[in-house]
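Have a look at entry33.cif; it's mmCIF, C-alpha atoms and all ligand atoms:
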data_data
loop_
_atom_site.group_PDB
_atom_site.id
_atom_site.type_symbol
_atom_site.label_atom_id
_atom_site.label_comp_id
_atom_site.auth_asym_id
_atom_site.auth_seq_id
_atom_site.Cartn_x
_atom_site.Cartn_y
_atom_site.Cartn_z
ATOM 1 C CA MET A 1 7.120 12.242 6.928
ATOM 2 C CA LEU A 2 3.366 11.895 6.418
ATOM 3 C CA GLN A 3 0.713 14.078 7.912
ATOM 4 C CA LEU A 4 -3.047 13.933 7.397
ATOM 5 C CA ASN A 5 -5.036 16.868 8.725
ATOM 6 C CA ASN A 6 -8.808 16.603 9.137
ATOM 7 C CA ILE A 7 -9.440 14.647 5.952
ATOM 8 C CA TYR A 8 -13.033 14.220 4.775
ATOM 9 C CA LYS A 9 -14.282 12.441 1.658
ATOM 10 C CA THR A 10 -17.906 11.853 0.723
ATOM 11 C CA PHE A 11 -19.022 10.134 -2.477
ATOM 12 C CA TYR A 12 -22.270 11.282 -4.129
ATOM 13 C CA PRO A 13 -22.900 14.039 -1.566
ATOM 14 C CA ASN A 14 -26.473 15.191 -1.030
ATOM 15 C CA THR A 15 -27.977 12.268 -2.933
ATOM 16 C CA PRO A 16 -29.684 9.109 -1.673
ATOM 17 C CA ASP A 17 -26.416 7.259 -2.462
ATOM 18 C CA GLU A 18 -24.278 9.528 -0.260
ATOM 19 C CA ARG A 19 -21.323 7.620 1.269
ATOM 20 C CA ARG A 20 -19.026 9.241 3.779
ATOM 21 C CA ALA A 21 -15.816 7.309 3.123
ATOM 22 C CA LEU A 22 -13.421 9.365 5.290
ATOM 23 C CA ASN A 23 -14.612 11.244 8.325
ATOM 24 C CA ASN A 24 -12.113 13.625 9.880
ATOM 25 C CA ILE A 25 -8.906 11.608 9.676
ATOM 26 C CA SER A 26 -5.858 13.192 11.308
ATOM 27 C CA GLN A 27 -2.655 11.198 11.688
ATOM 28 C CA LYS A 28 1.111 11.588 11.568
ATOM 29 C CA LEU A 29 3.760 9.069 10.570
ATOM 30 C CA SER A 30 7.446 9.606 11.324
ATOM 31 C CA PRO A 31 10.163 8.460 8.907
ATOM 32 C CA GLY A 32 10.419 4.666 9.015
ATOM 33 C CA ASP A 33 6.986 4.150 10.604
ATOM 34 C CA PHE A 34 5.118 1.129 9.225
ATOM 35 C CA VAL A 35 1.379 1.187 9.856
ATOM 36 C CA THR A 36 -0.968 -1.685 9.076
ATOM 37 C CA ILE A 37 -4.653 -0.874 8.511
ATOM 38 C CA ILE A 38 -7.529 -3.269 9.118
ATOM 39 C CA GLY A 39 -11.251 -2.662 9.196
ATOM 40 C CA SER A 40 -14.732 -3.676 8.258
ATOM 41 C CA ASN A 41 -16.235 -3.740 4.763
ATOM 42 C CA GLY A 42 -16.456 -0.264 3.272
ATOM 43 C CA ALA A 43 -14.540 1.237 6.227
ATOM 44 C CA GLY A 44 -12.603 3.623 3.970
ATOM 45 C CA LYS A 45 -9.250 1.795 3.812
ATOM 46 C CA SER A 46 -8.886 1.915 0.011
ATOM 47 C CA THR A 47 -10.179 5.479 -0.085
ATOM 48 C CA LEU A 48 -7.463 6.458 2.385
ATOM 49 C CA LEU A 49 -4.746 4.847 0.245
ATOM 50 C CA ASN A 50 -6.167 6.517 -2.871
ATOM 51 C CA MET A 51 -6.070 9.827 -1.041
ATOM 52 C CA LEU A 52 -2.396 9.311 -0.213
ATOM 53 C CA ALA A 53 -1.581 8.302 -3.788
ATOM 54 C CA GLY A 54 -3.474 11.270 -5.230
ATOM 55 C CA THR A 55 -5.938 9.071 -7.140
ATOM 56 C CA LEU A 56 -8.625 10.872 -5.119
ATOM 57 C CA LEU A 57 -8.505 14.355 -3.651
ATOM 58 C CA PRO A 58 -10.108 15.099 -0.276
ATOM 59 C CA ASP A 59 -13.199 17.294 0.071
ATOM 60 C CA GLU A 60 -11.604 18.923 3.096
ATOM 61 C CA GLY A 61 -8.308 18.663 4.908
ATOM 62 C CA ASN A 62 -4.759 18.372 3.690
ATOM 63 C CA VAL A 63 -2.027 15.828 3.068
ATOM 64 C CA TRP A 64 1.654 16.509 3.718
ATOM 65 C CA ILE A 65 4.415 14.232 2.497
ATOM 66 C CA ASP A 66 8.070 14.864 3.266
ATOM 67 C CA GLY A 67 7.397 18.448 4.318
ATOM 68 C CA LYS A 68 5.351 19.313 1.201
ATOM 69 C CA ASP A 69 1.646 20.080 1.062
ATOM 70 C CA VAL A 70 0.646 17.658 -1.716
ATOM 71 C CA THR A 71 -3.113 17.960 -1.187
ATOM 72 C CA SER A 72 -3.843 19.235 -4.690
ATOM 73 C CA TRP A 73 -1.060 17.306 -6.443
ATOM 74 C CA PRO A 74 -2.424 14.769 -8.943
ATOM 75 C CA GLU A 75 -1.193 11.168 -8.994
ATOM 76 C CA GLU A 76 1.504 11.774 -11.650
ATOM 77 C CA LYS A 77 3.060 14.568 -9.651
ATOM 78 C CA ARG A 78 3.144 12.446 -6.478
ATOM 79 C CA ALA A 79 4.677 9.463 -8.297
ATOM 80 C CA LYS A 80 8.182 10.558 -7.360
ATOM 81 C CA LEU A 81 7.263 10.413 -3.680
ATOM 82 C CA ILE A 82 5.161 7.257 -3.661
ATOM 83 C CA GLY A 83 5.600 3.579 -4.428
ATOM 84 C CA ARG A 84 2.452 1.445 -4.542
ATOM 85 C CA VAL A 85 1.728 -2.264 -4.809
ATOM 86 C CA PHE A 86 -1.819 -3.391 -5.581
ATOM 87 C CA GLN A 87 -3.725 -6.556 -4.686
ATOM 88 C CA ASN A 88 -3.779 -7.708 -8.274
ATOM 89 C CA PRO A 89 -0.306 -8.799 -9.449
ATOM 90 C CA LEU A 90 -1.357 -7.769 -12.962
ATOM 91 C CA MET A 91 -1.671 -4.116 -11.965
ATOM 92 C CA GLY A 92 1.864 -3.091 -11.036
ATOM 93 C CA THR A 93 3.623 -4.214 -14.197
ATOM 94 C CA ALA A 94 3.203 -4.199 -17.994
ATOM 95 C CA PRO A 95 2.869 -7.825 -19.232
ATOM 96 C CA GLY A 96 3.944 -7.215 -22.825
ATOM 97 C CA MET A 97 7.223 -5.615 -21.769
ATOM 98 C CA THR A 98 10.361 -7.249 -20.410
ATOM 99 C CA ILE A 99 11.511 -7.094 -16.787
ATOM 100 C CA GLU A 100 14.191 -4.626 -17.801
ATOM 101 C CA GLU A 101 11.727 -2.383 -19.650
ATOM 102 C CA ASN A 102 9.342 -2.437 -16.696
ATOM 103 C CA MET A 103 12.125 -1.389 -14.339
ATOM 104 C CA MET A 104 13.135 1.352 -16.763
ATOM 105 C CA ILE A 105 9.593 2.724 -16.644
ATOM 106 C CA SER A 106 9.751 2.874 -12.836
ATOM 107 C CA LEU A 107 13.044 4.691 -13.058
ATOM 108 C CA GLY A 108 11.625 7.091 -15.654
ATOM 109 C CA ARG A 109 8.762 8.001 -13.314
ATOM 110 C CA THR A 110 11.162 9.212 -10.707
ATOM 111 C CA GLN A 111 14.218 10.369 -12.607
ATOM 112 C CA ASN A 112 12.879 11.787 -15.875
ATOM 113 C CA ARG A 113 14.531 9.011 -17.863
ATOM 114 C CA SER A 114 12.669 7.245 -20.621
ATOM 115 C CA LEU A 115 12.851 3.946 -22.449
ATOM 116 C CA PHE A 116 13.774 5.895 -25.534
ATOM 117 C CA SER A 117 16.999 7.106 -24.005
ATOM 118 C CA GLY A 118 18.159 3.481 -23.978
ATOM 119 C CA ILE A 119 19.395 1.304 -21.148
ATOM 120 C CA THR A 120 23.037 1.735 -20.263
ATOM 121 C CA LYS A 121 25.313 -1.082 -19.144
ATOM 122 C CA LYS A 122 25.509 0.522 -15.716
ATOM 123 C CA THR A 123 21.723 0.719 -15.320
ATOM 124 C CA ARG A 124 21.364 -2.900 -16.415
ATOM 125 C CA HIS A 125 23.954 -3.920 -13.837
ATOM 126 C CA GLN A 126 22.038 -2.015 -11.141
ATOM 127 C CA PHE A 127 18.763 -3.679 -12.179
ATOM 128 C CA ARG A 128 20.448 -7.096 -11.886
ATOM 129 C CA GLU A 129 21.722 -6.247 -8.420
ATOM 130 C CA HIS A 130 18.288 -5.137 -7.264
ATOM 131 C CA LEU A 131 16.648 -8.252 -8.713
ATOM 132 C CA GLN A 132 19.219 -10.459 -7.023
ATOM 133 C CA THR A 133 17.990 -9.296 -3.617
ATOM 134 C CA LEU A 134 14.654 -11.018 -4.305
ATOM 135 C CA GLU A 135 16.492 -14.362 -4.477
ATOM 136 C CA ILE A 136 14.093 -15.860 -7.030
ATOM 137 C CA GLY A 137 16.367 -15.785 -10.073
ATOM 138 C CA LEU A 138 14.774 -12.841 -11.883
ATOM 139 C CA GLU A 139 18.230 -11.317 -12.361
ATOM 140 C CA ASN A 140 18.784 -13.946 -15.065
ATOM 141 C CA ARG A 141 15.561 -13.098 -16.856
ATOM 142 C CA LEU A 142 15.939 -9.395 -17.621
ATOM 143 C CA ASN A 143 14.674 -9.931 -21.156
ATOM 144 C CA SER A 144 11.711 -12.153 -20.268
ATOM 145 C CA LYS A 145 8.265 -10.703 -20.832
ATOM 146 C CA VAL A 146 6.630 -9.990 -17.482
ATOM 147 C CA GLY A 147 3.429 -11.688 -18.687
ATOM 148 C CA LEU A 148 5.288 -14.996 -18.493
ATOM 149 C CA LEU A 149 6.032 -14.690 -14.767
ATOM 150 C CA SER A 150 3.933 -16.439 -12.097
ATOM 151 C CA GLY A 151 1.667 -14.338 -9.841
ATOM 152 C CA GLY A 152 4.166 -14.507 -6.970
ATOM 153 C CA GLU A 153 7.131 -13.582 -9.178
ATOM 154 C CA ARG A 154 5.181 -10.736 -10.669
ATOM 155 C CA GLN A 155 4.176 -9.404 -7.263
ATOM 156 C CA ALA A 156 7.803 -9.653 -6.079
ATOM 157 C CA LEU A 157 8.804 -7.594 -9.130
ATOM 158 C CA SER A 158 6.030 -5.058 -8.419
ATOM 159 C CA LEU A 159 7.324 -4.716 -4.876
ATOM 160 C CA LEU A 160 10.864 -4.183 -6.107
ATOM 161 C CA MET A 161 9.705 -1.666 -8.716
ATOM 162 C CA ALA A 162 7.787 0.247 -6.058
ATOM 163 C CA THR A 163 10.807 0.457 -3.767
ATOM 164 C CA PHE A 164 14.096 0.513 -5.693
ATOM 165 C CA THR A 165 13.498 4.138 -6.650
ATOM 166 C CA GLU A 166 13.501 4.970 -2.904
ATOM 167 C CA PRO A 167 10.076 6.572 -2.498
ATOM 168 C CA LYS A 168 9.195 8.604 0.589
ATOM 169 C CA ILE A 169 6.065 6.517 1.218
ATOM 170 C CA LEU A 170 5.280 2.914 0.288
ATOM 171 C CA LEU A 171 1.591 1.991 -0.094
ATOM 172 C CA LEU A 172 0.653 -1.689 0.077
ATOM 173 C CA ASP A 173 -2.918 -2.373 -0.929
ATOM 174 C CA GLU A 174 -3.751 -5.922 0.256
ATOM 175 C CA HIS A 175 -0.730 -6.887 -1.797
ATOM 176 C CA THR A 176 -0.682 -10.540 -0.717
ATOM 177 C CA ALA A 177 -4.433 -11.221 -0.845
ATOM 178 C CA ALA A 178 -4.505 -12.705 -4.344
ATOM 179 C CA LEU A 179 -1.624 -15.127 -3.760
ATOM 180 C CA ASP A 180 -1.571 -18.681 -2.437
ATOM 181 C CA PRO A 181 -0.140 -19.122 1.099
ATOM 182 C CA SER A 182 3.431 -20.041 0.114
ATOM 183 C CA LYS A 183 3.659 -17.050 -2.217
ATOM 184 C CA GLN A 184 2.130 -14.836 0.462
ATOM 185 C CA GLU A 185 4.939 -15.871 2.773
ATOM 186 C CA LEU A 186 7.539 -14.977 0.158
ATOM 187 C CA ILE A 187 6.027 -11.536 -0.461
ATOM 188 C CA ILE A 188 5.736 -10.810 3.265
ATOM 189 C CA LYS A 189 9.373 -11.749 3.778
ATOM 190 C CA LEU A 190 10.436 -9.518 0.878
ATOM 191 C CA THR A 191 8.266 -6.707 2.213
ATOM 192 C CA LYS A 192 9.921 -6.927 5.628
ATOM 193 C CA ASP A 193 13.419 -7.039 4.082
ATOM 194 C CA LEU A 194 12.903 -4.144 1.666
ATOM 195 C CA VAL A 195 11.140 -1.918 4.188
ATOM 196 C CA GLU A 196 13.747 -2.566 6.842
ATOM 197 C CA LYS A 197 16.707 -2.106 4.535
ATOM 198 C CA GLN A 198 15.461 1.231 3.251
ATOM 199 C CA GLN A 199 13.689 2.286 6.460
ATOM 200 C CA LEU A 200 10.656 3.036 4.299
ATOM 201 C CA THR A 201 7.636 4.801 5.732
ATOM 202 C CA THR A 202 4.927 2.283 4.886
ATOM 203 C CA VAL A 203 1.120 2.136 4.900
ATOM 204 C CA MET A 204 -0.324 -1.337 4.388
ATOM 205 C CA VAL A 205 -3.973 -2.369 4.129
ATOM 206 C CA THR A 206 -4.627 -6.000 4.953
ATOM 207 C CA HIS A 207 -7.597 -8.185 5.813
ATOM 208 C CA GLN A 208 -5.405 -10.634 7.661
ATOM 209 C CA MET A 209 -5.402 -9.553 11.273
ATOM 210 C CA GLU A 210 -2.447 -11.745 12.162
ATOM 211 C CA GLN A 211 -0.448 -10.082 9.398
ATOM 212 C CA ALA A 212 -1.533 -6.664 10.680
ATOM 213 C CA ILE A 213 -0.276 -7.521 14.150
ATOM 214 C CA GLU A 214 2.961 -9.147 13.008
ATOM 215 C CA LEU A 215 4.116 -6.441 10.606
ATOM 216 C CA GLY A 216 5.076 -2.857 11.283
ATOM 217 C CA ASN A 217 5.226 -0.713 14.402
ATOM 218 C CA ARG A 218 1.739 0.829 14.302
ATOM 219 C CA LEU A 219 -1.795 -0.349 13.643
ATOM 220 C CA TRP A 220 -5.005 1.500 12.769
ATOM 221 C CA MET A 221 -8.448 -0.064 12.810
ATOM 222 C CA MET A 222 -11.043 1.692 10.634
ATOM 223 C CA ASP A 223 -14.824 1.688 10.544
ATOM 224 C CA GLU A 224 -17.250 3.980 8.744
ATOM 225 C CA GLY A 225 -14.540 6.394 7.622
ATOM 226 C CA SER A 226 -12.868 6.816 11.024
ATOM 227 C CA ILE A 227 -9.888 5.324 12.801
ATOM 228 C CA ILE A 228 -11.621 3.799 15.815
ATOM 229 C CA PHE A 229 -8.650 2.096 17.435
ATOM 230 C CA GLU A 230 -4.895 2.427 17.156
ATOM 231 C CA ALA A 231 -1.908 0.691 18.650
ATOM 232 C CA ASN A 232 1.685 1.853 18.906
ATOM 233 C CA GLU A 233 4.754 -0.363 18.842
ATOM 234 C CA GLU A 234 4.593 -1.258 22.517
ATOM 235 C CA GLN A 235 0.848 -1.928 22.488
ATOM 236 C CA LYS A 236 1.227 -4.073 19.375
ATOM 237 C CA GLN A 237 3.621 -6.458 21.115
ATOM 238 C CA ASP A 238 0.864 -8.042 23.196
ATOM 239 C CA LEU A 239 -2.032 -7.611 20.773
ATOM 240 C CA THR A 240 -3.972 -10.707 19.625
ATOM 241 C CA VAL A 241 -6.709 -11.225 17.029
ATOM 242 C CA PRO A 242 -9.398 -11.641 19.749
ATOM 243 C CA ASP A 243 -8.175 -8.348 21.297
ATOM 244 C CA LEU A 244 -8.782 -6.583 17.987
ATOM 245 C CA LEU A 245 -12.249 -8.089 17.594
ATOM 246 C CA ASN A 246 -13.092 -7.112 21.191
ATOM 247 C CA GLU A 247 -11.845 -3.560 20.664
ATOM 248 C CA PHE A 248 -14.080 -3.245 17.639
ATOM 249 C CA GLU A 249 -17.093 -4.517 19.554
ATOM 250 C CA LYS A 250 -16.311 -2.255 22.510
ATOM 251 C CA VAL A 251 -16.189 0.885 20.350
ATOM 252 C CA ARG A 252 -18.957 0.056 17.922
ATOM 253 C CA GLY A 253 -21.250 -2.121 20.011
ATOM 254 C CA LYS A 254 -21.380 -4.680 17.212
ATOM 255 C CA ARG A 255 -19.160 -7.313 15.642
ATOM 256 C CA MET A 256 -16.781 -6.429 12.852
ATOM 257 C CA THR A 257 -18.187 -7.354 9.460
ATOM 258 C CA SER A 258 -15.415 -8.130 7.068
ATOM 259 C CA ASP A 259 -16.138 -10.968 4.683
ATOM 260 C CA LYS A 260 -12.516 -11.102 3.636
ATOM 261 C CA ALA A 261 -11.197 -11.034 7.194
ATOM 262 C CA LEU A 262 -13.531 -13.861 8.160
ATOM 263 C CA LEU A 263 -12.419 -15.899 5.193
ATOM 264 C CA MET A 264 -8.766 -15.319 5.971
ATOM 265 C CA LYS A 265 -9.111 -15.359 9.749
HETATM 266 N N1 LIG A 301 -15.428 5.494 -6.386
HETATM 267 C C1 LIG A 301 -16.423 5.410 -5.493
HETATM 268 N N2 LIG A 301 -17.660 5.871 -5.792
HETATM 269 C C2 LIG A 301 -18.658 5.801 -4.874
HETATM 270 N N3 LIG A 301 -18.534 5.269 -3.638
HETATM 271 C C3 LIG A 301 -17.329 4.787 -3.300
HETATM 272 C C4 LIG A 301 -16.225 4.818 -4.208
HETATM 273 N N4 LIG A 301 -15.139 4.253 -3.588
HETATM 274 C C5 LIG A 301 -15.560 3.891 -2.356
HETATM 275 N N5 LIG A 301 -16.879 4.212 -2.186
HETATM 276 C C6 LIG A 301 -17.670 3.999 -0.961
HETATM 277 O O1 LIG A 301 -16.927 4.581 0.113
HETATM 278 C C7 LIG A 301 -16.959 3.742 1.258
HETATM 279 C C8 LIG A 301 -15.543 3.313 1.632
HETATM 280 O O2 LIG A 301 -15.090 2.427 0.635
HETATM 281 P P1 LIG A 301 -13.603 1.799 0.599
HETATM 282 O O3 LIG A 301 -13.478 1.063 -0.686
HETATM 283 O O4 LIG A 301 -12.621 2.853 0.889
HETATM 284 O O5 LIG A 301 -13.676 0.792 1.831
HETATM 285 P P2 LIG A 301 -12.681 -0.409 2.244
HETATM 286 O O6 LIG A 301 -12.445 -0.252 3.681
HETATM 287 O O7 LIG A 301 -11.511 -0.427 1.342
HETATM 288 O O8 LIG A 301 -13.633 -1.654 1.998
HETATM 289 P P3 LIG A 301 -13.364 -3.211 1.641
HETATM 290 O O9 LIG A 301 -12.562 -3.794 2.760
HETATM 291 O O10 LIG A 301 -14.750 -3.756 1.604
HETATM 292 O O11 LIG A 301 -12.660 -3.252 0.320
HETATM 293 C C9 LIG A 301 -17.865 2.574 0.902
HETATM 294 O O12 LIG A 301 -19.164 2.884 1.359
HETATM 295 C C10 LIG A 301 -17.827 2.539 -0.609
HETATM 296 O O13 LIG A 301 -19.021 2.005 -1.137
#

Could you write out this file's structure as structure tokens?
Ligand SMILES: Nc1ncnc2c1ncn2[C@@H]1O[C@H](COP(=O)(O)OP(=O)(O)OP(=O)(O)O)[C@@H](O)[C@H]1O
Amino acid sequence: MLQLNNIYKTFYPNTPDERRALNNISQKLSPGDFVTIIGSNGAGKSTLLNMLAGTLLPDEGNVWIDGKDVTSWPEEKRAKLIGRVFQNPLMGTAPGMTIEENMMISLGRTQNRSLFSGITKKTRHQFREHLQTLEIGLENRLNSKVGLLSGGERQALSLLMATFTEPKILLLDEHTAALDPSKQELIIKLTKDLVEKQQLTTVMVTHQMEQAIELGNRLWMMDEGSIIFEANEEQKQDLTVPDLLNEFEKVRGKRMTSDKALLMK
């Protein structure tokens, strides 16, 4: 479903500010795989997600999604294949538009429909059904402006909008980090439900090691642009946070430096 072949990305090459963000990444995900990514500060996690989304193009290497070489496809062209939820709940939705209009935009991205073509009764019914699965009452607020929703509600909507169009790959970019613990729990539960129901191939960056161990069937640990440790489903079963910290120290000969991970444990 997803294949990365020898991906390299360097920012400001051949200058004093040169930063090698991705250093020969090769990986494969099968349909339905759910990988969580952890790592130190500046390890290249966001760069990797941006590379998958097409926000950044690699210097070398290629990206395959669903049997297509998408390496040179810009973000707009990949939108049909990819759903993405960002850390900031404000980023996935348009605050001045209603829930219904926001969902229509998501649909338009993948099915060449636009707001201007109007919302049919059938589409509205489908939106309601999708919203109902979140179990937070948004199905009764189709005409509410999204700017009025709480952070948790807005992130739940972003998650739904990223998935109800059935993308090939779901990218989760620290999507619970800006929420308080009870809302984090809600979003994690919804993530599990939606991913499982649709058997979505998912790539999730998180700074919470416990979350990285609990969710998904694979785990990658990054440092300085490389994947320095990985665990498959079986290996993940017994993995603990101290194991991950030890692995890092074993490979790198130093402790992992992640301000966010330390703050969140
Ligand atoms: N747009 C950019 N321009 C220049 N350098 C960049 C850019 N984006 C990332 N970098 C650099 O590339 C490296 C990898 O950064 P990236 O943001 O991918 O790391 P990260 O693992 O997401 O880090 P963190 O956990 O601290 O958010 C870092 O050295 C960073 O400073």

Query - 6 Å shell around ligand LIG 301 (chain A) using all atoms listed in the file, listed as a list in words - result: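 My answer, listing the contacting residues, is Phe11, Arg19, Ala21, Ser40, Asn41, Gly42, Ala43, Gly44, Lys45, Ser46 and Thr47 of chain A.
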
Just-selected residues, C-alpha atoms written as a tab-separated table (two decimals), in the frame of the given file:
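Contents of the output file out12.tsv:
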chain	number	residue	atom	x	y	z
A	11	PHE	CA	-19.02	10.13	-2.48
A	19	ARG	CA	-21.32	7.62	1.27
A	21	ALA	CA	-15.82	7.31	3.12
A	40	SER	CA	-14.73	-3.68	8.26
A	41	ASN	CA	-16.24	-3.74	4.76
A	42	GLY	CA	-16.46	-0.26	3.27
A	43	ALA	CA	-14.54	1.24	6.23
A	44	GLY	CA	-12.60	3.62	3.97
A	45	LYS	CA	-9.25	1.80	3.81
A	46	SER	CA	-8.89	1.92	0.01
A	47	THR	CA	-10.18	5.48	-0.08

Query raised in the report: Got a sec to resolve the PyMOL selection byres (((chain A and resi 92) around 9) and not hetatm) on this structure and send the residues as a count of residues only?
Result: 16

Query raised in the report: Could you spell out the hits of the PyMOL selection byres (((chain A and resi 194) around 12) and not hetatm) on the shown file, as JSON, numbers by chain?
Result: {"A": [32, 130, 131, 133, 134, 156, 159, 160, 161, 162, 163, 164, 165, 166, 167, 170, 187, 188, 189, 190, 191, 192, 193, 195, 196, 197, 198, 199, 200, 201, 202]}

Requested in this report: Could you tell me how far atom CA of A:Gly108 lies from atom CA of A:Lys80, in Å and to one decimal?
Outcome: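 Distance between the two atoms: 9.6 Å.
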
Specify as a JSON list (two decimals) with C-alpha atoms, in the coordinates of the input each residue included when the PyMOL selection byres (((chain A and resi 230) around 6) and not hetatm) is applied to this file.
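Result file result_24.json:
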[["chain", "number", "residue", "atom", "x", "y", "z"],
["A", 219, "LEU", "CA", -1.80, -0.35, 13.64],
["A", 220, "TRP", "CA", -5.00, 1.50, 12.77],
["A", 229, "PHE", "CA", -8.65, 2.10, 17.43],
["A", 231, "ALA", "CA", -1.91, 0.69, 18.65]]

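Excluding A:Ile227 itself and same-chain residues fewer than 4 positions from it, the residues having an atom within 10 Å of it are Leu22, Asn23, Asn24, Ile25, Ser26, Gln27, Ile37, Ile38, Gly39, Ala43, Gly44, Lys45, Leu219, Trp220, Met221, Met222 and Asp223 of chain A, counting all atoms listed in the file.
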
Report summary line: Among A:Arg255, A:Arg20, A:Lys77, A:Lys9, A:Leu56 is approached most closely, using only C-alpha atoms, by A:Lys9

Report task. Find the residue from A:Gln3, A:Gln184, A:Gln211, A:Asn217 that sits nearest to A:Lys68; use all atoms listed in the file when measuring. Result -> A:Gln3

Report summary line: One decimal place gives the atom CA of A:Ile65-atom CA of A:Gly225 separation as 21.1 Å

Requested in this report: Record the distance separating atom CA of A:Gln235 and atom CA of A:Pro31, expressed in Å with one decimal.
Outcome: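 Separating atom CA of A:Gln235 from atom CA of A:Pro31 is a distance of 19.5 Å.
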
To test the calculation: enclose all listed atoms of stretch 80-97 of chain A in a box whose edges run along x, y and z, add 4 Å on each side, then state centre and edge lengths in Å to one decimal, as JSON.
{"center_x": 2.2, "center_y": 0.9, "center_z": -13.2, "size_x": 20.0, "size_y": 27.4, "size_z": 27.2}

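Taking all atoms listed in the file into account, A:Ile7 lies nearest to A:Leu57 out of the set A:Met204, A:Ile82, A:Leu29, A:Leu57.
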
**Report entry** Nearest residue to A:Ile119 from the set A:Asn62, A:Gln237, A:Asn102, A:Ser72 (distances using only C-alpha atoms)
**Finding:**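 Of all the options, A:Asn102 lies closest to A:Ile119.
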